[in-house]
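Enquirer: For reference, the structure I am asking about is given below.
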Amino acid sequence: MTSARSATEWSTWGVHARIVVTDPDALSSASNLIRGYLAAADAAVNRDRADAEIRGLDEGPNTVTPMFARFLTDALAAARTTDGALDPTVSAPAPHSWRSITVDGTEVTLPAGVELDLTATARASSADHCASTTAELLGCGVLVALGGDIATAGATPPGGWQVQVQDLPGDPTCQVSIPSGAAVATASTVKPLHPDSVSLWRTVSVVAGSCTTAHASSTAAVGMGGGAVDWLTNLELPARLVDQEFRVITLGGWPS
C-alpha cells in the first residue's frame, strides 16, 4: 500500500475545510465532488436562503430530495442519542416534538406547528456523506474535515489517519490515529460554538463510527458539566475532555 497522500483546503460554511486522499491523482476529482456536495447541501438546509428546500416544508407529508432525507435522518438520530439536547425543530408546540417526525424514503411528515432547523448537525452529516460517497466513487481513502468535524472512509493509509486534536494554540494537544470509517468531532466553549454558555469544559472531543454521532455527543457533553464523564462512559464512546484549567481526561480507550 502506498503512503502517498494529497490534500487541499479552503474556507466554506464559515469554517476551514480540508480534504485528504490516499491517491494524489484523485484529489482534483475529490475536491470537485465535495465542493459540489456542499453547495447542494447549502441549498437544502440553509434557513437563511429563501429558496432553501427546508423553507418549503409544510405540516403533513412532504416529498423531499434524497439529500434532505439523509440530513433529517441524521438529525433525528442525533436527537435520540442526546435525548433531545440537539433538537432539529424550531417553533415546536411541545418539548420533544421531533419524536413525531417521520422519514420514509423521500417522504417527510411533520406534525402541526413544527419547523425544522438542521444547523446543529448539517456540517457533521455533510462530512460523513462527503467522505463515504467520494471514497466509493473514486476508490481511495478520503478524510473530510469541516472545522472540528472530521469523517473518514475508504482505504486506511499506513499508520491510520493522523488527526491533531486541539482547540486554540497553547491549549493541550494530542495526535491520534484512527482507521477509515471512524470520525472525530470536537465541541468548544472557547470558540463561538456555545457563545453564551459557562461550562466546566473548554473542549470535548469524541471518536465514533460517524461524524454525526461524534458531533452530537461532544456537543451535548460540553454542556453537562461533571455529568459528561458518566454519560460518555455509558455511551461507550472514546472521548477526551479538557477543563477550564487545561486538565485532560480521556475515556473509553481514547486512541493513541
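Ligands are numbered from 1 in the order shown, residues from 1 within each chain, and chains are lettered A, B, ... in the order they appear in the C-alpha cells.
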Can you build me a table of segment 63-103 of chain A residues sitting at most 9 Å from segment 109-127 of chain A, with the closest atom pair per residue and its distance in Å to one decimal, using only C-alpha atoms, sorted by chain and residue number, as CSV?

Expert:
residue,atom,partner,partner_atom,distance
A:Thr63,CA,A:Thr109,CA,8.8
A:Arg70,CA,A:Ser125,CA,8.2
A:Phe71,CA,A:Ala122,CA,6.4
A:Leu72,CA,A:Leu118,CA,7.2
A:Asp74,CA,A:Ser125,CA,6.6
A:Ala75,CA,A:Thr121,CA,5.8
A:Ala78,CA,A:Thr121,CA,7.6
A:Leu86,CA,A:Ala120,CA,6.8
A:Asp87,CA,A:Ala120,CA,8.2
A:Pro88,CA,A:Asp117,CA,5.2
A:Thr89,CA,A:Leu116,CA,4.4
A:Val90,CA,A:Glu115,CA,5.2
A:Ser91,CA,A:Val114,CA,5.8
A:Ala92,CA,A:Val114,CA,4.7
A:Pro93,CA,A:Gly113,CA,6.0
A:Ser97,CA,A:Val114,CA,7.4
A:Trp98,CA,A:Val114,CA,8.1
A:Ser100,CA,A:Pro111,CA,6.4
A:Ile101,CA,A:Leu110,CA,5.1
A:Thr102,CA,A:Thr109,CA,5.2
A:Val103,CA,A:Thr109,CA,6.7

Enquirer: Run DSSP on the backbone of this structure and report the residues of segment 114-173 of chain A it assigns to alpha helix (DSSP H), as a list of chain:residue names.

Expert: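 Put together, the selection reads A:Thr119, A:Ala120, A:Thr121, A:Ala122, A:Arg123, A:Ala124, A:Ser125, A:Ser126, A:Ala127, A:Asp128, A:His129, A:Cys130, A:Ala131, A:Ser132, A:Thr133, A:Thr134, A:Ala135, A:Glu136, A:Leu137, A:Leu138.
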
Enquirer: Find the spatial neighbours of segment 172-176 of chain A, counting only C-alpha atoms, within a cut-off of 6 Å - ignore same-chain residues fewer than 3 positions away - and output them as a list of chain:residue names.

Expert: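 Residues near the query, excluding close chain neighbours: A:Gln162, A:Val163, A:Gln164, A:Val165, A:Gln166, A:Pro255, A:Ser256.
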
Enquirer: Write out, as an mmCIF file, in the first residue's frame, the residues just selected, with N, CA and C atoms.

Expert:
data_model
loop_
_atom_site.group_PDB
_atom_site.id
_atom_site.type_symbol
_atom_site.label_atom_id
_atom_site.label_comp_id
_atom_site.auth_asym_id
_atom_site.auth_seq_id
_atom_site.Cartn_x
_atom_site.Cartn_y
_atom_site.Cartn_z
ATOM 1 N N GLN A 162 -4.051 10.352 10.642
ATOM 2 C CA GLN A 162 -3.475 11.114 11.751
ATOM 3 C C GLN A 162 -4.267 12.405 11.941
ATOM 4 N N VAL A 163 -4.831 12.554 13.119
ATOM 5 C CA VAL A 163 -5.689 13.707 13.411
ATOM 6 C C VAL A 163 -5.146 14.429 14.640
ATOM 7 N N GLN A 164 -4.892 15.714 14.490
ATOM 8 C CA GLN A 164 -4.472 16.518 15.633
ATOM 9 C C GLN A 164 -5.702 17.091 16.315
ATOM 10 N N VAL A 165 -5.774 16.895 17.621
ATOM 11 C CA VAL A 165 -6.910 17.377 18.412
ATOM 12 C C VAL A 165 -6.428 18.523 19.285
ATOM 13 N N GLN A 166 -6.931 19.710 18.988
ATOM 14 C CA GLN A 166 -6.562 20.911 19.741
ATOM 15 C C GLN A 166 -7.591 21.981 19.457
ATOM 16 N N PRO A 255 -8.040 6.924 21.481
ATOM 17 C CA PRO A 255 -6.937 6.362 20.680
ATOM 18 C C PRO A 255 -5.620 7.086 20.904
ATOM 19 N N SER A 256 -4.532 6.326 20.745
ATOM 20 C CA SER A 256 -3.191 6.896 20.904
ATOM 21 C C SER A 256 -2.709 7.425 19.563
#

Enquirer: If you count only C-alpha atoms, which residues fall within 10 Å of segment 150-157 of chain A, apart from same-chain ones fewer than 2 positions away, as a CSV table (one decimal) with all heavy atoms, in the first residue's frame?

Expert:
chain,number,residue,atom,x,y,z
A,1,MET,N,0.8,-1.2,0.0
A,1,MET,CA,0.0,0.0,0.0
A,1,MET,C,0.9,1.2,0.0
A,1,MET,O,1.8,1.3,0.8
A,1,MET,CB,-0.9,0.0,1.2
A,1,MET,CG,-1.8,1.2,1.3
A,1,MET,SD,-2.8,1.2,2.9
A,1,MET,CE,-3.7,-0.2,2.7
A,2,THR,N,0.6,2.2,-0.9
A,2,THR,CA,1.4,3.4,-0.9
A,2,THR,C,1.1,4.3,0.2
A,2,THR,O,0.0,4.3,0.8
A,2,THR,CB,1.1,4.1,-2.2
A,2,THR,OG1,1.9,5.4,-2.2
A,2,THR,CG2,-0.4,4.5,-2.4
A,3,SER,N,2.1,5.1,0.7
A,3,SER,CA,1.9,6.0,1.8
A,3,SER,C,1.6,7.4,1.2
A,3,SER,O,1.5,8.4,2.0
A,3,SER,CB,3.1,6.1,2.7
A,3,SER,OG,4.3,6.5,1.9
A,4,ALA,N,1.6,7.5,-0.1
A,4,ALA,CA,1.3,8.9,-0.7
A,4,ALA,C,-0.1,9.4,-0.4
A,4,ALA,O,-1.0,8.7,-0.4
A,4,ALA,CB,1.5,8.8,-2.3
A,5,ARG,N,-0.1,10.7,0.0
A,5,ARG,CA,-1.4,11.3,0.3
A,5,ARG,C,-1.3,12.7,-0.3
A,5,ARG,O,-0.2,13.3,-0.5
A,5,ARG,CB,-1.6,11.4,1.8
A,5,ARG,CG,-1.8,10.0,2.4
A,5,ARG,CD,-1.9,10.2,3.9
A,5,ARG,NE,-1.2,9.1,4.6
A,5,ARG,CZ,-1.1,9.0,5.9
A,5,ARG,NH1,-1.7,9.9,6.7
A,5,ARG,NH2,-0.4,8.0,6.4
A,17,ALA,N,-12.1,24.1,5.7
A,17,ALA,CA,-12.3,22.7,5.1
A,17,ALA,C,-11.0,22.1,4.6
A,17,ALA,O,-10.2,22.9,4.0
A,17,ALA,CB,-13.4,22.8,4.0
A,18,ARG,N,-10.9,20.8,4.9
A,18,ARG,CA,-9.6,20.2,4.4
A,18,ARG,C,-10.0,18.8,3.9
A,18,ARG,O,-10.8,18.1,4.5
A,18,ARG,CB,-8.6,20.1,5.5
A,18,ARG,CG,-7.3,19.3,5.2
A,18,ARG,CD,-6.3,19.4,6.3
A,18,ARG,NE,-5.2,18.5,6.1
A,18,ARG,CZ,-4.1,18.8,5.4
A,18,ARG,NH1,-4.0,20.0,4.8
A,18,ARG,NH2,-3.1,18.0,5.3
A,19,ILE,N,-9.5,18.4,2.8
A,19,ILE,CA,-9.7,17.1,2.2
A,19,ILE,C,-8.3,16.4,2.0
A,19,ILE,O,-7.4,17.0,1.6
A,19,ILE,CB,-10.3,17.1,0.8
A,19,ILE,CG1,-11.7,17.9,0.8
A,19,ILE,CG2,-10.5,15.7,0.2
A,19,ILE,CD1,-12.2,18.2,-0.6
A,20,VAL,N,-8.2,15.2,2.5
A,20,VAL,CA,-7.0,14.4,2.2
A,20,VAL,C,-7.4,13.1,1.5
A,20,VAL,O,-8.4,12.5,1.9
A,20,VAL,CB,-6.3,14.0,3.6
A,20,VAL,CG1,-5.0,13.3,3.3
A,20,VAL,CG2,-6.1,15.3,4.4
A,21,VAL,N,-6.7,12.7,0.5
A,21,VAL,CA,-7.0,11.4,-0.2
A,21,VAL,C,-5.7,10.6,-0.3
A,21,VAL,O,-4.6,11.1,-0.2
A,21,VAL,CB,-7.5,11.7,-1.6
A,21,VAL,CG1,-8.8,12.4,-1.6
A,21,VAL,CG2,-6.5,12.5,-2.4
A,22,THR,N,-5.9,9.3,-0.3
A,22,THR,CA,-4.7,8.4,-0.4
A,22,THR,C,-4.2,8.2,-1.8
A,22,THR,O,-3.1,7.6,-2.0
A,22,THR,CB,-5.1,7.0,0.2
A,22,THR,OG1,-6.2,6.5,-0.6
A,22,THR,CG2,-5.4,7.1,1.6
A,23,ASP,N,-4.9,8.7,-2.8
A,23,ASP,CA,-4.5,8.7,-4.2
A,23,ASP,C,-4.3,10.1,-4.7
A,23,ASP,O,-5.4,10.8,-5.0
A,23,ASP,CB,-5.5,7.9,-5.0
A,23,ASP,CG,-5.1,7.9,-6.5
A,23,ASP,OD1,-4.1,8.4,-6.9
A,23,ASP,OD2,-5.9,7.3,-7.3
A,123,ARG,N,-23.4,20.1,9.3
A,123,ARG,CA,-22.0,20.1,8.9
A,123,ARG,C,-21.4,18.7,9.2
A,123,ARG,O,-20.7,18.2,8.3
A,123,ARG,CB,-21.2,21.1,9.7
A,123,ARG,CG,-19.8,21.5,9.2
A,123,ARG,CD,-19.2,22.6,9.9
A,123,ARG,NE,-18.8,22.3,11.2
A,123,ARG,CZ,-18.5,23.2,12.2
A,123,ARG,NH1,-18.6,24.5,11.9
A,123,ARG,NH2,-18.2,22.8,13.4
A,124,ALA,N,-21.6,18.1,10.3
A,124,ALA,CA,-21.1,16.8,10.6
A,124,ALA,C,-21.7,15.8,9.6
A,124,ALA,O,-21.0,14.9,9.1
A,124,ALA,CB,-21.4,16.4,12.0
A,125,SER,N,-23.0,15.9,9.4
A,125,SER,CA,-23.7,15.0,8.4
A,125,SER,C,-23.0,15.1,7.0
A,125,SER,O,-22.8,14.1,6.3
A,125,SER,CB,-25.2,15.3,8.4
A,125,SER,OG,-25.8,14.4,7.5
A,126,SER,N,-22.7,16.3,6.6
A,126,SER,CA,-22.1,16.6,5.3
A,126,SER,C,-20.7,15.9,5.3
A,126,SER,O,-20.3,15.3,4.3
A,126,SER,CB,-21.9,18.1,5.1
A,126,SER,OG,-23.2,18.7,4.8
A,127,ALA,N,-19.9,16.0,6.4
A,127,ALA,CA,-18.6,15.4,6.4
A,127,ALA,C,-18.7,13.9,6.2
A,127,ALA,O,-18.0,13.2,5.5
A,127,ALA,CB,-17.9,15.7,7.7
A,128,ASP,N,-19.7,13.2,6.9
A,128,ASP,CA,-20.0,11.8,6.7
A,128,ASP,C,-20.2,11.4,5.3
A,128,ASP,O,-19.6,10.5,4.7
A,128,ASP,CB,-21.2,11.4,7.6
A,128,ASP,CG,-20.8,11.2,9.1
A,128,ASP,OD1,-19.7,10.8,9.4
A,128,ASP,OD2,-21.7,11.4,9.9
A,129,HIS,N,-21.2,12.1,4.7
A,129,HIS,CA,-21.6,11.7,3.4
A,129,HIS,C,-20.6,12.1,2.3
A,129,HIS,O,-20.4,11.4,1.3
A,129,HIS,CB,-23.0,12.4,3.1
A,129,HIS,CG,-24.1,11.8,3.9
A,129,HIS,ND1,-24.5,10.5,3.8
A,129,HIS,CD2,-24.8,12.3,4.9
A,129,HIS,CE1,-25.4,10.2,4.7
A,129,HIS,NE2,-25.7,11.4,5.4
A,130,CYS,N,-19.9,13.2,2.5
A,130,CYS,CA,-18.8,13.6,1.5
A,130,CYS,C,-17.7,12.5,1.6
A,130,CYS,O,-17.2,12.1,0.5
A,130,CYS,CB,-18.2,14.9,1.9
A,130,CYS,SG,-19.3,16.3,1.4
A,131,ALA,N,-17.3,12.1,2.8
A,131,ALA,CA,-16.3,11.1,2.8
A,131,ALA,C,-16.7,9.8,2.2
A,131,ALA,O,-16.0,9.2,1.4
A,131,ALA,CB,-15.9,10.9,4.3
A,132,SER,N,-17.9,9.3,2.6
A,132,SER,CA,-18.3,8.0,2.1
A,132,SER,C,-18.6,7.9,0.6
A,132,SER,O,-18.1,7.0,-0.1
A,132,SER,CB,-19.5,7.5,2.9
A,132,SER,OG,-20.6,8.4,2.7
A,133,THR,N,-19.3,8.9,0.1
A,133,THR,CA,-19.6,8.9,-1.3
A,133,THR,C,-18.4,9.1,-2.2
A,133,THR,O,-18.2,8.5,-3.2
A,133,THR,CB,-20.7,9.9,-1.7
A,133,THR,OG1,-20.2,11.2,-1.2
A,133,THR,CG2,-22.0,9.6,-1.0
A,134,THR,N,-17.5,10.0,-1.7
A,134,THR,CA,-16.2,10.3,-2.5
A,134,THR,C,-15.3,9.0,-2.5
A,134,THR,O,-14.8,8.7,-3.6
A,134,THR,CB,-15.5,11.5,-1.9
A,134,THR,OG1,-16.4,12.6,-1.9
A,134,THR,CG2,-14.3,11.8,-2.8
A,135,ALA,N,-15.2,8.4,-1.4
A,135,ALA,CA,-14.4,7.2,-1.3
A,135,ALA,C,-14.9,6.1,-2.2
A,135,ALA,O,-14.2,5.4,-2.9
A,135,ALA,CB,-14.3,6.7,0.1
A,136,GLU,N,-16.3,5.9,-2.2
A,136,GLU,CA,-16.9,4.9,-3.1
A,136,GLU,C,-16.7,5.2,-4.5
A,136,GLU,O,-16.4,4.3,-5.3
A,136,GLU,CB,-18.4,4.8,-2.7
A,136,GLU,CG,-19.1,3.7,-3.5
A,136,GLU,CD,-20.6,3.6,-3.1
A,136,GLU,OE1,-21.0,4.4,-2.2
A,136,GLU,OE2,-21.3,2.8,-3.7
A,137,LEU,N,-16.9,6.5,-4.9
A,137,LEU,CA,-16.8,6.8,-6.3
A,137,LEU,C,-15.4,6.8,-6.9
A,137,LEU,O,-15.2,6.4,-8.0
A,137,LEU,CB,-17.4,8.2,-6.5
A,137,LEU,CG,-18.9,8.4,-6.5
A,137,LEU,CD1,-19.3,9.8,-6.4
A,137,LEU,CD2,-19.6,7.7,-7.6
A,138,LEU,N,-14.4,7.2,-6.1
A,138,LEU,CA,-13.0,7.3,-6.5
A,138,LEU,C,-12.2,6.1,-6.1
A,138,LEU,O,-11.0,6.0,-6.6
A,138,LEU,CB,-12.4,8.6,-6.0
A,138,LEU,CG,-13.1,9.9,-6.4
A,138,LEU,CD1,-12.4,11.1,-5.9
A,138,LEU,CD2,-13.3,9.9,-8.0
A,139,GLY,N,-12.7,5.2,-5.2
A,139,GLY,CA,-11.9,4.0,-4.9
A,139,GLY,C,-10.6,4.3,-4.1
A,139,GLY,O,-9.6,3.6,-4.3
A,140,CYS,N,-10.6,5.3,-3.3
A,140,CYS,CA,-9.5,5.6,-2.5
A,140,CYS,C,-9.9,6.0,-1.0
A,140,CYS,O,-11.1,6.2,-0.8
A,140,CYS,CB,-8.6,6.7,-3.1
A,140,CYS,SG,-9.5,8.3,-3.2
A,141,GLY,N,-8.9,6.2,-0.2
A,141,GLY,CA,-9.2,6.7,1.2
A,141,GLY,C,-9.4,8.2,1.2
A,141,GLY,O,-8.8,8.9,0.4
A,142,VAL,N,-10.4,8.6,2.0
A,142,VAL,CA,-10.7,10.0,2.0
A,142,VAL,C,-10.9,10.5,3.4
A,142,VAL,O,-11.6,9.8,4.2
A,142,VAL,CB,-12.1,10.3,1.2
A,142,VAL,CG1,-12.4,11.8,1.2
A,142,VAL,CG2,-11.9,9.8,-0.3
A,143,LEU,N,-10.4,11.6,3.8
A,143,LEU,CA,-10.6,12.3,5.0
A,143,LEU,C,-11.2,13.6,4.7
A,143,LEU,O,-10.7,14.4,3.8
A,143,LEU,CB,-9.4,12.5,5.9
A,143,LEU,CG,-9.5,13.2,7.2
A,143,LEU,CD1,-8.5,12.7,8.2
A,143,LEU,CD2,-9.3,14.7,7.0
A,144,VAL,N,-12.4,14.0,5.3
A,144,VAL,CA,-13.0,15.3,5.1
A,144,VAL,C,-13.1,15.9,6.5
A,144,VAL,O,-13.7,15.4,7.4
A,144,VAL,CB,-14.4,15.1,4.5
A,144,VAL,CG1,-15.1,16.5,4.4
A,144,VAL,CG2,-14.4,14.5,3.2
A,145,ALA,N,-12.5,17.1,6.6
A,145,ALA,CA,-12.6,17.9,7.9
A,145,ALA,C,-13.3,19.2,7.6
A,145,ALA,O,-12.9,20.0,6.7
A,145,ALA,CB,-11.2,18.1,8.4
A,146,LEU,N,-14.4,19.4,8.3
A,146,LEU,CA,-15.1,20.7,8.2
A,146,LEU,C,-15.1,21.3,9.6
A,146,LEU,O,-15.9,21.0,10.5
A,146,LEU,CB,-16.6,20.4,7.7
A,146,LEU,CG,-16.7,19.8,6.4
A,146,LEU,CD1,-18.2,19.5,6.1
A,146,LEU,CD2,-16.1,20.6,5.2
A,147,GLY,N,-14.1,22.2,9.8
A,147,GLY,CA,-13.9,22.7,11.1
A,147,GLY,C,-13.5,21.6,12.0
A,147,GLY,O,-12.6,20.8,11.7
A,148,GLY,N,-14.2,21.4,13.2
A,148,GLY,CA,-13.9,20.4,14.1
A,148,GLY,C,-14.6,19.1,13.9
A,148,GLY,O,-14.5,18.2,14.7
A,159,GLY,N,-0.5,3.4,9.0
A,159,GLY,CA,-0.5,4.1,10.3
A,159,GLY,C,-1.8,4.8,10.7
A,159,GLY,O,-1.9,5.4,11.7
A,160,GLY,N,-2.8,4.6,9.8
A,160,GLY,CA,-4.1,5.2,10.1
A,160,GLY,C,-4.1,6.7,9.7
A,160,GLY,O,-3.1,7.3,9.3
A,161,TRP,N,-5.3,7.3,9.8
A,161,TRP,CA,-5.5,8.7,9.6
A,161,TRP,C,-5.0,9.4,10.8
A,161,TRP,O,-5.4,9.2,12.0
A,161,TRP,CB,-6.9,9.0,9.4
A,161,TRP,CG,-7.5,8.5,8.1
A,161,TRP,CD1,-8.4,7.5,7.9
A,161,TRP,CD2,-7.2,9.0,6.8
A,161,TRP,NE1,-8.7,7.3,6.6
A,161,TRP,CE2,-8.0,8.2,5.9
A,161,TRP,CE3,-6.4,10.1,6.3
A,161,TRP,CZ2,-7.9,8.5,4.5
A,161,TRP,CZ3,-6.4,10.3,4.9
A,161,TRP,CH2,-7.1,9.5,4.0
A,162,GLN,N,-4.1,10.4,10.6
A,162,GLN,CA,-3.5,11.1,11.8
A,162,GLN,C,-4.3,12.4,11.9
A,162,GLN,O,-4.3,13.2,11.0
A,162,GLN,CB,-2.0,11.4,11.5
A,162,GLN,CG,-1.1,10.2,11.3
A,162,GLN,CD,-1.1,9.3,12.5
A,162,GLN,OE1,-0.9,9.8,13.6
A,162,GLN,NE2,-1.3,8.0,12.3
A,163,VAL,N,-4.8,12.6,13.1
A,163,VAL,CA,-5.7,13.7,13.4
A,163,VAL,C,-5.1,14.4,14.6
A,163,VAL,O,-5.0,13.8,15.7
A,163,VAL,CB,-7.1,13.3,13.7
A,163,VAL,CG1,-8.0,14.4,14.1
A,163,VAL,CG2,-7.7,12.6,12.4
A,178,ILE,N,-6.7,7.1,13.7
A,178,ILE,CA,-8.0,6.4,13.6
A,178,ILE,C,-8.1,5.7,12.2
A,178,ILE,O,-7.5,6.1,11.2
A,178,ILE,CB,-9.2,7.4,13.7
A,178,ILE,CG1,-9.1,8.4,12.6
A,178,ILE,CG2,-9.2,8.0,15.1
A,178,ILE,CD1,-10.4,9.3,12.5
A,179,PRO,N,-8.8,4.6,12.2
A,179,PRO,CA,-9.0,3.9,10.9
A,179,PRO,C,-10.1,4.5,10.1
A,179,PRO,O,-10.9,5.3,10.6
A,179,PRO,CB,-9.4,2.5,11.4
A,179,PRO,CG,-10.2,2.7,12.6
A,179,PRO,CD,-9.5,3.9,13.3
A,180,SER,N,-10.1,4.2,8.8
A,180,SER,CA,-11.1,4.7,7.9
A,180,SER,C,-12.5,4.1,8.4
A,180,SER,O,-12.6,3.0,8.9
A,180,SER,CB,-10.9,4.2,6.5
A,180,SER,OG,-10.1,5.1,5.8
A,181,GLY,N,-13.5,4.9,8.3
A,181,GLY,CA,-14.8,4.6,8.9
A,181,GLY,C,-15.0,5.2,10.2
A,181,GLY,O,-16.2,5.3,10.7
A,182,ALA,N,-14.0,5.7,10.9
A,182,ALA,CA,-14.1,6.4,12.2
A,182,ALA,C,-14.2,7.9,11.9
A,182,ALA,O,-13.8,8.4,10.9
A,182,ALA,CB,-12.9,6.0,13.1
A,183,ALA,N,-14.7,8.6,12.9
A,183,ALA,CA,-14.8,10.0,12.8
A,183,ALA,C,-14.5,10.6,14.2
A,183,ALA,O,-14.6,10.0,15.2
A,183,ALA,CB,-16.3,10.4,12.5
A,184,VAL,N,-14.1,11.9,14.1
A,184,VAL,CA,-13.7,12.7,15.3
A,184,VAL,C,-14.5,14.0,15.3
A,184,VAL,O,-14.5,14.6,14.2
A,184,VAL,CB,-12.2,12.9,15.4
A,184,VAL,CG1,-11.9,13.6,16.8
A,184,VAL,CG2,-11.4,11.6,15.3
A,185,ALA,N,-15.0,14.4,16.4
A,185,ALA,CA,-15.6,15.8,16.4
A,185,ALA,C,-15.2,16.4,17.8
A,185,ALA,O,-15.2,15.7,18.8
A,185,ALA,CB,-17.1,15.7,16.3
A,186,THR,N,-15.0,17.7,17.7
A,186,THR,CA,-14.7,18.5,18.9
A,186,THR,C,-15.6,19.6,19.1
A,186,THR,O,-15.9,20.4,18.2
A,186,THR,CB,-13.2,19.0,18.8
A,186,THR,OG1,-12.3,17.9,18.8
A,186,THR,CG2,-12.9,19.9,20.0
A,207,VAL,N,-14.7,10.2,19.5
A,207,VAL,CA,-14.5,9.4,18.4
A,207,VAL,C,-15.7,8.4,18.3
A,207,VAL,O,-16.1,7.9,19.3
A,207,VAL,CB,-13.2,8.5,18.5
A,207,VAL,CG1,-13.1,7.5,17.3
A,207,VAL,CG2,-12.0,9.4,18.5
A,208,ALA,N,-16.3,8.3,17.1
A,208,ALA,CA,-17.4,7.4,16.9
A,208,ALA,C,-17.4,6.9,15.5
A,208,ALA,O,-16.5,7.2,14.7
A,208,ALA,CB,-18.7,8.2,17.1
A,209,GLY,N,-18.4,6.0,15.2
A,209,GLY,CA,-18.5,5.4,13.9
A,209,GLY,C,-19.0,6.4,12.8
A,209,GLY,O,-19.0,6.0,11.6
A,210,SER,N,-19.5,7.5,13.2
A,210,SER,CA,-20.0,8.5,12.3
A,210,SER,C,-19.7,9.9,12.8
A,210,SER,O,-19.6,10.1,14.1
A,210,SER,CB,-21.5,8.4,11.9
A,210,SER,OG,-22.2,8.9,13.0
A,211,CYS,N,-19.4,10.9,12.0
A,211,CYS,CA,-19.2,12.2,12.5
A,211,CYS,C,-20.4,12.8,13.1
A,211,CYS,O,-20.3,13.6,14.1
A,211,CYS,CB,-18.7,13.1,11.3
A,211,CYS,SG,-18.0,14.7,11.8
A,212,THR,N,-21.6,12.4,12.6
A,212,THR,CA,-22.8,12.9,13.2
A,212,THR,C,-22.9,12.5,14.7
A,212,THR,O,-23.3,13.3,15.5
A,212,THR,CB,-24.0,12.5,12.4
A,212,THR,OG1,-23.9,12.8,11.0
A,212,THR,CG2,-25.3,13.1,12.9
A,214,ALA,N,-20.4,11.5,16.6
A,214,ALA,CA,-19.3,12.2,17.4
A,214,ALA,C,-19.6,13.6,17.7
A,214,ALA,O,-19.4,14.1,18.8
A,214,ALA,CB,-18.0,12.1,16.6
A,215,HIS,N,-20.2,14.3,16.7
A,215,HIS,CA,-20.5,15.7,16.9
A,215,HIS,C,-21.7,15.9,17.9
A,215,HIS,O,-21.6,16.7,18.8
A,215,HIS,CB,-20.9,16.4,15.6
A,215,HIS,CG,-21.5,17.7,15.7
A,215,HIS,ND1,-20.6,18.9,15.6
A,215,HIS,CD2,-22.7,18.2,15.9
A,215,HIS,CE1,-21.4,19.9,15.8
A,215,HIS,NE2,-22.6,19.6,15.9

Enquirer: Leaving out segment 224-228 of chain A and any residue of its chain fewer than 4 positions from it, which residues lie within 7 Å of it when counting only C-alpha atoms, given as a list of chain:residue names?

Expert: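 Returned residues: A:Ser199, A:Leu200, A:Trp201, A:Ala220, A:Leu232.
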
Enquirer: Would you save the residues from that selection as a CSV table (one decimal), in the first residue's frame, using N, CA, C and O atoms?

Expert:
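Written output follows (selection00.csv):
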chain,number,residue,atom,x,y,z
A,199,SER,N,-19.2,26.6,31.0
A,199,SER,CA,-19.1,25.1,31.1
A,199,SER,C,-17.8,24.8,31.9
A,199,SER,O,-16.8,25.5,32.0
A,200,LEU,N,-17.9,23.6,32.6
A,200,LEU,CA,-16.7,23.0,33.2
A,200,LEU,C,-15.6,22.8,32.1
A,200,LEU,O,-14.4,22.8,32.4
A,201,TRP,N,-16.0,22.5,30.9
A,201,TRP,CA,-15.1,22.0,29.9
A,201,TRP,C,-14.8,23.1,28.9
A,201,TRP,O,-15.7,23.9,28.4
A,220,ALA,N,-23.4,17.8,23.1
A,220,ALA,CA,-24.2,17.6,24.3
A,220,ALA,C,-23.4,17.5,25.6
A,220,ALA,O,-23.7,18.1,26.6
A,232,LEU,N,-20.8,9.9,28.8
A,232,LEU,CA,-20.0,9.4,27.7
A,232,LEU,C,-19.5,8.0,28.0
A,232,LEU,O,-19.4,7.1,27.0

Enquirer: Counting only C-alpha atoms, figure out which residue out of A:Asn234, A:Gln244, A:Ser188, A:Thr73 gets nearest to Val222 of chain A.

Expert: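 Closest to Val222 of chain A of all the choices is A:Ser188.
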